[in-house]
$ cat target01.csv   # CSV, C-alpha atoms and all ligand atoms
chain,number,residue,atom,x,y,z
A,396,MET,CA,28.2,-62.4,117.3
A,397,THR,CA,31.8,-61.1,116.8
A,398,THR,CA,34.8,-62.3,114.9
A,399,SER,CA,38.4,-62.5,116.0
A,400,GLU,CA,41.3,-60.8,114.4
A,401,ALA,CA,42.5,-64.2,113.2
A,402,GLU,CA,39.2,-64.8,111.5
A,403,ARG,CA,39.2,-61.5,109.7
A,404,GLN,CA,42.7,-62.1,108.5
A,405,ALA,CA,41.6,-65.5,107.3
A,406,MET,CA,38.8,-63.9,105.4
A,407,ARG,CA,41.2,-61.6,103.7
A,408,ARG,CA,43.2,-64.6,102.7
A,409,ALA,CA,40.1,-66.5,101.6
A,410,LEU,CA,39.2,-63.5,99.3
A,411,GLU,CA,42.7,-63.7,97.8
A,412,LEU,CA,42.3,-67.4,97.2
A,413,ALA,CA,38.9,-66.8,95.5
A,414,VAL,CA,40.6,-64.7,92.9
A,415,THR,CA,43.5,-67.0,92.2
A,416,PRO,CA,44.7,-66.3,88.7
A,417,GLY,CA,43.1,-68.6,86.2
A,418,VAL,CA,39.8,-69.0,88.0
A,419,PRO,CA,37.1,-68.1,85.5
A,420,LEU,CA,34.7,-65.2,86.3
A,421,GLY,CA,31.7,-67.4,85.8
A,422,PRO,CA,29.3,-69.0,85.5
A,423,ASN,CA,30.1,-70.1,89.1
A,424,PRO,CA,31.1,-67.6,91.8
A,425,ARG,CA,34.7,-67.4,92.8
A,426,VAL,CA,35.0,-68.7,96.4
A,427,GLY,CA,37.8,-69.1,98.9
A,428,CYS,CA,38.0,-71.0,102.2
A,429,VAL,CA,40.5,-71.1,105.1
A,430,LEU,CA,40.2,-73.6,108.0
A,431,LEU,CA,41.5,-72.4,111.3
A,432,ALA,CA,42.5,-74.3,114.4
A,433,ALA,CA,41.2,-73.2,117.8
A,434,ASP,CA,44.4,-71.2,118.4
A,435,GLY,CA,43.8,-69.3,115.1
A,436,THR,CA,46.5,-71.0,113.0
A,437,THR,CA,45.7,-72.1,109.5
A,438,ILE,CA,45.0,-75.8,109.0
A,439,ALA,CA,44.1,-75.8,105.3
A,440,GLU,CA,43.0,-73.7,102.4
A,441,GLY,CA,40.9,-74.2,99.3
A,442,PHE,CA,39.2,-72.4,96.5
A,443,HIS,CA,36.6,-73.3,93.8
A,444,ARG,CA,38.6,-73.7,90.6
A,445,LYS,CA,35.9,-74.2,88.0
A,446,VAL,CA,32.4,-75.3,87.3
A,447,GLY,CA,32.0,-79.0,88.2
A,448,GLY,CA,35.0,-78.9,90.5
A,449,PRO,CA,34.9,-79.3,94.3
A,450,HIS,CA,33.6,-76.3,96.2
A,451,ALA,CA,36.1,-74.3,98.2
A,452,GLU,CA,35.1,-75.8,101.5
A,453,VAL,CA,35.4,-79.4,100.2
A,454,GLU,CA,38.9,-78.7,98.9
A,455,ALA,CA,40.0,-77.3,102.2
A,456,LEU,CA,38.3,-80.2,104.1
A,457,ARG,CA,40.1,-82.7,102.0
A,458,GLU,CA,43.5,-81.1,102.7
A,459,ALA,CA,42.7,-80.9,106.4
A,460,GLY,CA,41.5,-84.5,106.9
A,461,ASP,CA,40.9,-85.3,110.6
A,462,ALA,CA,42.4,-81.9,111.6
A,463,ALA,CA,39.1,-80.3,110.5
A,464,ARG,CA,37.3,-81.6,113.7
A,465,GLY,CA,36.6,-78.7,115.9
A,466,ALA,CA,37.9,-76.2,113.4
A,467,THR,CA,36.5,-72.9,112.2
A,468,ALA,CA,35.8,-72.6,108.5
A,469,VAL,CA,36.2,-69.1,107.0
A,470,VAL,CA,34.5,-68.8,103.6
A,471,THR,CA,33.8,-65.9,101.2
A,472,LEU,CA,30.3,-67.3,100.3
A,473,GLU,CA,27.7,-68.9,102.6
A,474,PRO,CA,28.2,-72.7,102.3
A,475,CYS,CA,25.7,-74.2,99.8
A,476,ASN,CA,23.0,-76.6,100.8
A,477,HIS,CA,22.3,-78.4,97.6
A,478,THR,CA,23.4,-81.3,95.5
A,479,GLY,CA,24.3,-79.7,92.1
A,480,ARG,CA,27.3,-80.7,90.2
A,481,THR,CA,28.8,-81.7,93.6
A,482,GLY,CA,27.4,-82.3,97.1
A,483,PRO,CA,26.2,-79.8,99.7
A,484,CYS,CA,29.0,-78.0,101.6
A,485,SER,CA,26.8,-77.6,104.7
A,486,GLU,CA,26.7,-81.4,105.1
A,487,ALA,CA,30.4,-81.8,104.3
A,488,LEU,CA,31.3,-79.3,107.1
A,489,ILE,CA,28.9,-81.0,109.6
A,490,ALA,CA,30.3,-84.4,108.7
A,491,ALA,CA,33.9,-83.2,109.2
A,492,GLY,CA,33.1,-81.9,112.7
A,493,VAL,CA,33.6,-78.2,112.0
A,494,ARG,CA,32.6,-76.2,115.0
A,495,ARG,CA,32.2,-72.7,113.7
A,496,VAL,CA,31.6,-71.2,110.2
A,497,VAL,CA,32.3,-67.5,109.4
A,498,PHE,CA,31.2,-66.4,105.9
A,499,ALA,CA,31.0,-63.2,104.0
A,500,GLN,CA,28.3,-63.1,101.3
A,501,PRO,CA,25.0,-64.9,101.8
A,502,ASP,CA,24.2,-67.3,99.0
A,503,THR,CA,20.9,-66.1,97.5
A,504,ASN,CA,21.0,-68.5,94.6
A,505,PRO,CA,17.6,-70.3,95.0
A,506,VAL,CA,19.1,-73.7,94.3
A,507,ALA,CA,21.9,-73.4,96.8
A,508,ILE,CA,20.2,-71.4,99.6
A,509,GLY,CA,19.9,-72.4,103.2
A,510,GLY,CA,23.4,-73.5,104.2
A,511,ALA,CA,23.6,-71.2,107.3
A,512,GLY,CA,20.3,-72.5,108.6
A,513,ARG,CA,21.3,-76.1,108.1
A,514,LEU,CA,24.6,-75.6,109.9
A,515,ARG,CA,22.9,-73.9,112.9
A,516,GLU,CA,20.4,-76.7,113.1
A,517,ALA,CA,23.3,-79.1,113.4
A,518,GLY,CA,24.7,-77.1,116.2
A,519,VAL,CA,27.4,-75.3,114.3
A,520,GLU,CA,28.1,-71.7,115.3
A,521,VAL,CA,27.5,-69.4,112.2
A,522,VAL,CA,28.5,-65.8,111.6
A,523,GLY,CA,27.7,-64.2,108.3
A,524,GLY,CA,28.3,-60.8,106.6
A,525,VAL,CA,32.0,-60.5,107.4
A,526,MET,CA,33.6,-58.3,104.7
A,527,VAL,CA,30.5,-58.8,102.6
A,528,GLU,CA,31.2,-55.8,100.3
A,529,GLU,CA,34.6,-57.2,99.3
A,530,ALA,CA,33.1,-60.6,98.6
A,531,ARG,CA,30.3,-59.1,96.5
A,532,THR,CA,32.9,-57.2,94.5
A,533,VAL,CA,34.8,-60.4,93.8
A,534,ASN,CA,31.6,-61.8,92.1
A,535,ARG,CA,30.1,-58.5,90.9
A,536,THR,CA,28.2,-59.9,87.9
A,537,TRP,CA,27.3,-63.2,89.4
A,538,THR,CA,25.8,-61.4,92.4
A,539,PHE,CA,23.9,-59.0,90.1
A,540,ALA,CA,22.6,-61.8,87.8
A,541,ILE,CA,21.4,-63.9,90.8
A,542,ALA,CA,19.6,-60.9,92.3
A,543,HIS,CA,18.0,-59.7,89.1
A,544,ARG,CA,17.5,-63.0,87.3
A,545,ARG,CA,19.2,-61.6,84.2
A,546,PRO,CA,22.8,-60.8,83.1
A,547,PHE,CA,24.5,-57.5,83.9
A,548,VAL,CA,24.7,-55.4,80.8
A,549,THR,CA,27.7,-53.3,79.8
A,550,TRP,CA,27.0,-51.0,76.8
A,551,LYS,CA,30.2,-50.0,75.0
A,552,PHE,CA,30.5,-47.5,72.2
A,553,ALA,CA,33.1,-45.4,70.5
A,554,THR,CA,32.3,-41.8,69.6
A,555,THR,CA,33.8,-38.6,68.2
A,556,LEU,CA,33.7,-35.4,70.2
A,557,ASP,CA,30.4,-34.6,68.6
A,558,GLY,CA,28.8,-37.9,69.5
A,559,ARG,CA,29.1,-39.7,66.2
A,560,SER,CA,29.9,-43.3,65.8
A,561,ALA,CA,30.2,-43.4,62.0
A,562,ALA,CA,30.8,-41.0,59.2
A,563,ALA,CA,28.1,-39.9,56.8
A,564,ASP,CA,29.2,-42.7,54.3
A,565,GLY,CA,28.8,-45.3,57.1
A,566,SER,CA,32.5,-45.9,57.7
A,567,SER,CA,33.1,-46.4,61.4
A,568,ARG,CA,36.1,-48.6,61.7
A,569,TRP,CA,38.7,-46.1,62.9
A,570,VAL,CA,36.8,-43.8,65.3
A,571,SER,CA,38.7,-45.1,68.3
A,572,SER,CA,42.5,-45.4,68.6
A,573,ARG,CA,44.5,-48.6,68.6
A,574,ALA,CA,44.9,-48.4,72.3
A,575,ALA,CA,41.2,-47.9,72.8
A,576,ARG,CA,40.4,-50.9,70.6
A,577,LEU,CA,42.9,-53.1,72.5
A,578,ASP,CA,41.3,-51.9,75.7
A,579,THR,CA,37.9,-52.9,74.3
A,580,HIS,CA,39.2,-56.4,73.7
A,581,ARG,CA,40.4,-56.6,77.3
A,582,LEU,CA,36.9,-55.7,78.5
A,583,ARG,CA,35.2,-58.1,76.1
A,584,GLY,CA,37.4,-60.8,77.7
A,585,LEU,CA,35.8,-60.1,81.1
A,586,CYS,CA,32.3,-60.8,79.8
A,587,ASP,CA,30.6,-64.1,78.9
A,588,THR,CA,28.4,-62.8,76.0
A,589,MET,CA,28.9,-60.4,73.1
A,590,LEU,CA,25.6,-59.0,72.0
A,591,VAL,CA,24.8,-57.1,68.7
A,592,GLY,CA,21.8,-56.7,66.5
A,593,THR,CA,21.3,-58.4,63.1
A,594,ASN,CA,21.8,-55.0,61.4
A,595,THR,CA,25.3,-54.7,62.8
A,596,VAL,CA,26.1,-58.1,61.5
A,597,GLU,CA,24.8,-57.2,58.1
A,598,VAL,CA,26.4,-53.8,57.8
A,599,ASP,CA,29.7,-54.2,59.7
A,600,ASP,CA,30.3,-57.9,59.6
A,601,PRO,CA,32.2,-58.0,62.9
A,602,GLU,CA,33.9,-61.1,64.1
A,603,LEU,CA,33.0,-60.4,67.8
A,604,THR,CA,35.9,-62.4,69.2
A,605,VAL,CA,38.5,-61.4,71.8
A,606,ARG,CA,41.9,-60.9,70.4
A,607,ASP,CA,45.4,-60.0,71.7
A,608,GLU,CA,47.8,-57.3,70.5
A,609,VAL,CA,48.7,-59.1,67.4
A,610,GLY,CA,45.2,-60.0,66.5
A,611,ASP,CA,45.2,-63.7,67.6
A,612,PRO,CA,42.0,-64.9,69.4
A,613,LEU,CA,42.3,-65.7,73.1
A,614,PRO,CA,41.7,-69.3,74.2
A,615,HIS,CA,38.5,-68.5,76.0
A,616,GLN,CA,35.9,-66.7,74.0
A,617,PRO,CA,32.5,-65.2,75.1
A,618,LEU,CA,29.4,-66.4,73.4
A,619,ARG,CA,28.5,-64.3,70.3
A,620,ALA,CA,24.8,-63.5,70.4
A,621,VAL,CA,22.9,-61.7,67.6
A,622,MET,CA,19.4,-60.5,68.3
A,623,GLY,CA,16.7,-59.6,65.8
A,624,MET,CA,14.0,-61.2,63.7
A,625,ARG,CA,15.9,-61.2,60.4
A,626,ASP,CA,17.9,-64.2,59.2
A,627,ILE,CA,21.6,-63.7,59.3
A,628,PRO,CA,23.5,-64.3,56.0
A,629,VAL,CA,25.5,-67.5,56.4
A,630,GLY,CA,28.8,-66.2,55.2
A,631,ARG,CA,29.1,-63.6,58.0
A,632,ARG,CA,32.2,-63.7,60.2
A,633,VAL,CA,30.1,-64.3,63.4
A,634,PHE,CA,29.6,-67.8,62.0
A,635,ASN,CA,33.3,-68.6,61.9
A,636,ASP,CA,34.6,-71.3,64.2
A,637,ARG,CA,36.5,-69.1,66.6
A,638,ALA,CA,33.6,-68.9,69.1
A,639,GLU,CA,30.1,-70.1,69.6
A,640,THR,CA,27.2,-68.1,68.1
A,641,LEU,CA,23.6,-67.8,69.0
A,642,HIS,CA,20.8,-66.1,67.1
A,643,LEU,CA,18.1,-64.7,69.5
A,644,ARG,CA,15.0,-64.2,67.4
A,645,THR,CA,13.6,-61.3,69.3
A,646,ARG,CA,13.7,-57.5,69.4
A,647,GLU,CA,12.9,-57.4,73.1
A,648,PRO,CA,15.9,-56.7,75.3
A,649,ALA,CA,14.2,-58.3,78.3
A,650,GLU,CA,13.4,-61.5,76.4
A,651,ALA,CA,17.0,-61.7,75.0
A,652,LEU,CA,18.4,-61.3,78.5
A,653,SER,CA,16.1,-63.9,80.0
A,654,THR,CA,17.1,-66.4,77.3
A,655,LEU,CA,20.8,-65.6,78.0
A,656,PHE,CA,20.3,-66.0,81.8
A,657,ALA,CA,18.7,-69.4,81.3
A,658,LEU,CA,22.0,-70.3,79.5
A,659,ASP,CA,24.0,-69.3,82.6
A,660,ARG,CA,25.1,-66.0,81.1
A,661,GLN,CA,25.9,-63.3,83.7
A,662,HIS,CA,27.6,-60.4,81.8
A,663,VAL,CA,26.6,-59.1,78.4
A,664,PHE,CA,28.8,-56.8,76.4
A,665,LEU,CA,26.4,-54.8,74.2
A,666,GLU,CA,28.4,-53.6,71.3
A,667,GLY,CA,26.1,-53.3,68.4
A,668,GLY,CA,24.3,-50.4,66.9
A,669,SER,CA,22.4,-47.3,67.9
A,670,THR,CA,19.0,-48.9,67.6
A,671,LEU,CA,19.8,-51.8,69.9
A,672,ALA,CA,21.4,-49.3,72.3
A,673,ARG,CA,18.2,-47.3,72.3
A,674,ALA,CA,16.1,-50.4,72.9
A,675,PHE,CA,18.2,-51.4,76.0
A,676,LEU,CA,18.3,-47.8,77.3
A,677,GLU,CA,14.5,-47.4,77.0
A,678,ALA,CA,13.9,-50.7,78.7
A,679,GLY,CA,16.2,-49.6,81.6
A,680,LEU,CA,18.4,-52.6,80.9
A,681,VAL,CA,21.8,-50.9,80.7
A,682,ASP,CA,23.7,-51.3,83.9
A,683,GLU,CA,27.1,-49.8,82.9
A,684,VAL,CA,28.2,-47.6,80.0
A,685,VAL,CA,31.7,-47.6,78.6
A,686,ALA,CA,32.4,-44.8,76.1
A,687,TYR,CA,35.6,-44.3,74.2
A,688,VAL,CA,35.8,-40.6,73.1
A,689,ALA,CA,38.1,-39.7,70.2
A,690,PRO,CA,39.3,-36.1,69.7
A,691,MET,CA,37.7,-36.0,66.3
A,692,LEU,CA,34.9,-34.0,64.7
A,693,LEU,CA,32.6,-35.2,61.9
A,694,GLY,CA,29.7,-32.8,62.0
A,695,ALA,CA,27.5,-35.4,60.3
A,696,GLY,CA,27.0,-39.1,60.6
A,697,ALA,CA,25.2,-41.6,62.7
A,698,SER,CA,24.9,-41.0,66.4
A,699,ALA,CA,26.0,-43.5,69.0
A,700,VAL,CA,22.4,-43.9,70.2
A,701,ALA,CA,19.2,-43.6,68.1
A,702,ASP,CA,16.6,-41.0,68.9
A,703,LEU,CA,15.4,-41.4,72.5
A,704,GLY,CA,12.5,-39.1,72.0
A,705,ILE,CA,13.9,-36.5,74.4
A,706,GLU,CA,12.8,-33.1,73.4
A,707,THR,CA,13.9,-30.9,76.2
A,708,ILE,CA,17.1,-30.7,78.3
A,709,SER,CA,15.5,-31.4,81.6
A,710,ASP,CA,14.5,-34.8,80.2
A,711,ALA,CA,18.1,-35.8,79.3
A,712,LEU,CA,19.2,-39.2,80.5
A,713,HIS,CA,22.0,-38.5,83.0
A,714,LEU,CA,24.9,-40.8,83.7
A,715,HIS,CA,27.0,-41.1,86.8
A,716,VAL,CA,30.7,-41.2,86.0
A,717,SER,CA,32.7,-43.7,88.0
A,718,ASP,CA,36.0,-43.6,86.1
A,719,VAL,CA,37.8,-41.5,83.6
A,720,THR,CA,41.0,-43.0,82.0
A,721,VAL,CA,43.2,-41.4,79.4
A,722,LEU,CA,44.5,-43.8,76.7
A,723,GLN,CA,47.6,-42.1,75.5
A,724,GLY,CA,48.1,-42.2,71.7
A,725,HIS,CA,51.5,-43.3,70.4
A,726,ASP,CA,53.2,-43.0,67.0
A,727,GLY,CA,50.9,-40.2,65.8
A,728,GLU,CA,47.7,-41.9,67.0
A,729,ASP,CA,45.0,-40.0,68.8
A,730,THR,CA,44.8,-40.0,72.5
A,731,ASN,CA,41.3,-41.3,73.5
A,732,VAL,CA,39.4,-41.0,76.8
A,733,ARG,CA,37.5,-43.9,78.3
A,734,LEU,CA,34.5,-43.0,80.5
A,735,THR,CA,32.9,-45.6,82.7
A,736,MET,CA,29.4,-44.7,83.8
A,737,ARG,CA,26.2,-45.9,85.3
A,738,PRO,CA,22.9,-44.7,84.0
A,739,GLN,CA,20.8,-42.8,86.6
A,740,LEU,CA,17.2,-43.8,87.0
A,741,ARG,CA,15.0,-41.8,84.8
A,742,ARG,CA,13.0,-39.1,86.4
A,743,SER,CA,9.4,-39.9,85.7
B,801,LIG,C1,29.9,-73.1,98.1
B,801,LIG,N1,31.2,-73.1,97.8
B,801,LIG,O1,33.0,-73.0,96.5
B,801,LIG,C2,30.9,-72.5,95.6
B,801,LIG,C3,29.5,-72.4,95.8
B,801,LIG,O2,27.7,-75.7,89.9
B,801,LIG,P1,27.5,-76.2,91.3
B,801,LIG,O3,26.5,-77.3,91.3
B,801,LIG,O4,28.8,-76.6,91.9
B,801,LIG,O5,26.8,-75.1,92.2
B,801,LIG,C4,27.1,-73.8,92.0
B,801,LIG,C5,26.4,-73.0,93.0
B,801,LIG,O6,26.8,-73.3,94.3
B,801,LIG,C6,26.7,-71.5,92.8
B,801,LIG,O7,25.8,-70.9,91.9
B,801,LIG,C7,26.6,-71.0,94.2
B,801,LIG,O8,25.3,-70.8,94.6
B,801,LIG,C8,27.2,-72.1,95.0
B,801,LIG,N2,28.7,-72.0,94.9
B,801,LIG,N3,29.1,-72.7,97.1
B,801,LIG,O9,29.5,-73.4,99.2
B,801,LIG,C9,31.8,-72.9,96.7
B,801,LIG,N4,31.4,-72.2,94.4
B,802,ZN,ZN,29.1,-75.8,98.2

$ encode --input "target01.csv" --output "structure tokens" --more "lines below"
Ligand code: AOF
Ligand code: ZN
Amino acid sequence: MTTSEAERQAMRRALELAVTPGVPLGPNPRVGCVLLAADGTTIAEGFHRKVGGPHAEVEALREAGDAARGATAVVTLEPCNHTGRTGPCSEALIAAGVRRVVFAQPDTNPVAIGGAGRLREAGVEVVGGVMVEEARTVNRTWTFAIAHRRPFVTWKFATTLDGRSAAADGSSRWVSSRAARLDTHRLRGLCDTMLVGTNTVEVDDPELTVRDEVGDPLPHQPLRAVMGMRDIPVGRRVFNDRAETLHLRTREPAEALSTLFALDRQHVFLEGGSTLARAFLEAGLVDEVVAYVAPMLLGAGASAVADLGIETISDALHLHVSDVTVLQGHDGEDTNVRLTMRPQLRRS
């Protein structure tokens, strides 16, 4: 079944509505909806503002009132079919007399699944998959987490040119430049969980909050998760009241991720320690790598990742580079380079 130019334009608008500034990245997907009259003009618009709030379709239907009868609903996500925090959008669309539904991304969330089928059963015309890639990009980590039943993992590290993250005496604080550290805070703010090992908390005592240029914490903070079997000393900064903290008593990356997924977490920012990085890499549980490279040589000191047991060059773990950004140094600071990469599947 085809779509009209008015419907495709409405989908572009619905995608814009979905990412309205202020709408959180999770745990719910960002969704936009436009209701069109038979002549292609817009009757109403809506978007999902936050968890617990009305879904995009319901917001648009409310604005439209009786005008929704016979309309076409253009939505970035397949209408849900469940009663969760709110009611099923499939039923709301049917009750309002909507004649046709055009959606982008199918909803594969097991609790919400089946909206398209329910609509068709009720005699509504349904077209799915319109601009589906754009819609998936809007909810990149939600889509990933739903599909893999675990959060997306971004491993971030800072390194010297010779691959060292700390000097021989253990000092590591100033490997990356101020611009790189600020950039890291921006990326932390896009995640819902900061993850480090107990060792990092003991040795570096990081606060693991997201802060602005002057060092003030942002209003919304990711969960701070510390994994490992050891107890964490009570006075550590991760226990301050600037964000929530969770101790995951496991050394297994898969177990930590499944606990976090059960807590509705969809994007983990892995920031702690070469041993933890190795464990995630070996388990194949790193989905994205962000490396800040400083033009600095140490010649000795801890490596960014612990020994992976690779003995010959043909066994190296290769990464696909998707972005290279230069973070210009100011006032005598180093210029750093940020590499964004995806690990390639290991050759067996
Ligand atoms: C829609 N329209 O605008 C959104 C949908 O937290 P709940 O109970 O409201 O349900 C969230 C789930 O519903 C979410 O994971 C996704 O499957 C679907 N979200 N569906 O029809 C919307 N936000
Ligand atoms: Zn819904």

$ residues_around --input "target01.csv" --residues "range 585-599 of chain A" --least-positions-apart "6" --cutoff "6 Å" --atoms "all atoms listed in the file" --output "ChimeraX atom specification"
/A:617-623,662-667

$ closest_residue --input "target01.csv" --among "A:Asn731, A:Ser399, A:Thr549, A:Thr467" --to "Thr437 in chain A" --atoms "all atoms listed in the file"
A:Thr467

$ residues_near_point --input "target01.csv" --point "(19.3, -49.9, 83.4)" --cutoff "10 Å" --atoms "all atoms listed in the file" --output "list in words"
Phe547, Val548, Thr549, Phe675, Leu676, Glu677, Ala678, Gly679, Leu680, Val681, Asp682, Glu683, Val684, Arg737, Pro738, Gln739, Leu740 and Arg741 of chain A

$ residues_around --input "target01.csv" --residues "range 521-538 of chain A" --least-positions-apart "4" --cutoff "6 Å" --atoms "only C-alpha atoms" --output "list in words"
Pro424, Thr471, Arg495, Val496, Val497, Phe498, Ala499, Gln500, Phe547 and Gln661 of chain A

$ write_last_selection --input "target01.csv" --atoms "C-alpha atoms" --output "PDB file, in the frame of the given file"
ATOM      1  CA  PRO A 424      31.100 -67.600  91.800  1.00  0.00           C
ATOM      2  CA  THR A 471      33.800 -65.900 101.200  1.00  0.00           C
ATOM      3  CA  ARG A 495      32.200 -72.700 113.700  1.00  0.00           C
ATOM      4  CA  VAL A 496      31.600 -71.200 110.200  1.00  0.00           C
ATOM      5  CA  VAL A 497      32.300 -67.500 109.400  1.00  0.00           C
ATOM      6  CA  PHE A 498      31.200 -66.400 105.900  1.00  0.00           C
ATOM      7  CA  ALA A 499      31.000 -63.200 104.000  1.00  0.00           C
ATOM      8  CA  GLN A 500      28.300 -63.100 101.300  1.00  0.00           C
ATOM      9  CA  PHE A 547      24.500 -57.500  83.900  1.00  0.00           C
ATOM     10  CA  GLN A 661      25.900 -63.300  83.700  1.00  0.00           C
TER      11      GLN A 661
END

$ closest_atom_pairs --input "target01.csv" --of "chain A" --to "ligand ZN 802 (chain B)" --cutoff "8 Å" --atoms "only C-alpha atoms and all ligand atoms" --output "Markdown table"
| residue | atom | partner | partner_atom | distance |
| --- | --- | --- | --- | --- |
| A:Pro449 | CA | B:ZN802 | ZN | 7.8 |
| A:His450 | CA | B:ZN802 | ZN | 4.9 |
| A:Ala451 | CA | B:ZN802 | ZN | 7.2 |
| A:Glu452 | CA | B:ZN802 | ZN | 6.8 |
| A:Val453 | CA | B:ZN802 | ZN | 7.5 |
| A:Pro474 | CA | B:ZN802 | ZN | 5.2 |
| A:Cys475 | CA | B:ZN802 | ZN | 4.1 |
| A:Asn476 | CA | B:ZN802 | ZN | 6.7 |
| A:His477 | CA | B:ZN802 | ZN | 7.3 |
| A:Thr481 | CA | B:ZN802 | ZN | 7.5 |
| A:Gly482 | CA | B:ZN802 | ZN | 6.8 |
| A:Pro483 | CA | B:ZN802 | ZN | 5.2 |
| A:Cys484 | CA | B:ZN802 | ZN | 4.1 |
| A:Ser485 | CA | B:ZN802 | ZN | 7.1 |
| A:Ala507 | CA | B:ZN802 | ZN | 7.7 |

$ atom_distance --input "target01.csv" --atom1 "CA of Arg480 in chain A" --atom2 "CA of Leu613 in chain A"
27.2 Å

$ closest_residue --input "target01.csv" --among "A:Gly465, A:Pro601, A:Pro546, A:Gly460" --to "Arg494 in chain A" --atoms "all atoms listed in the file"
A:Gly465

$ closest_residue --input "target01.csv" --among "A:Ala638, A:Thr415, A:Glu650, A:Asp659" --to "ligand LIG 801 (chain B)" --atoms "all atoms listed in the file"
A:Asp659
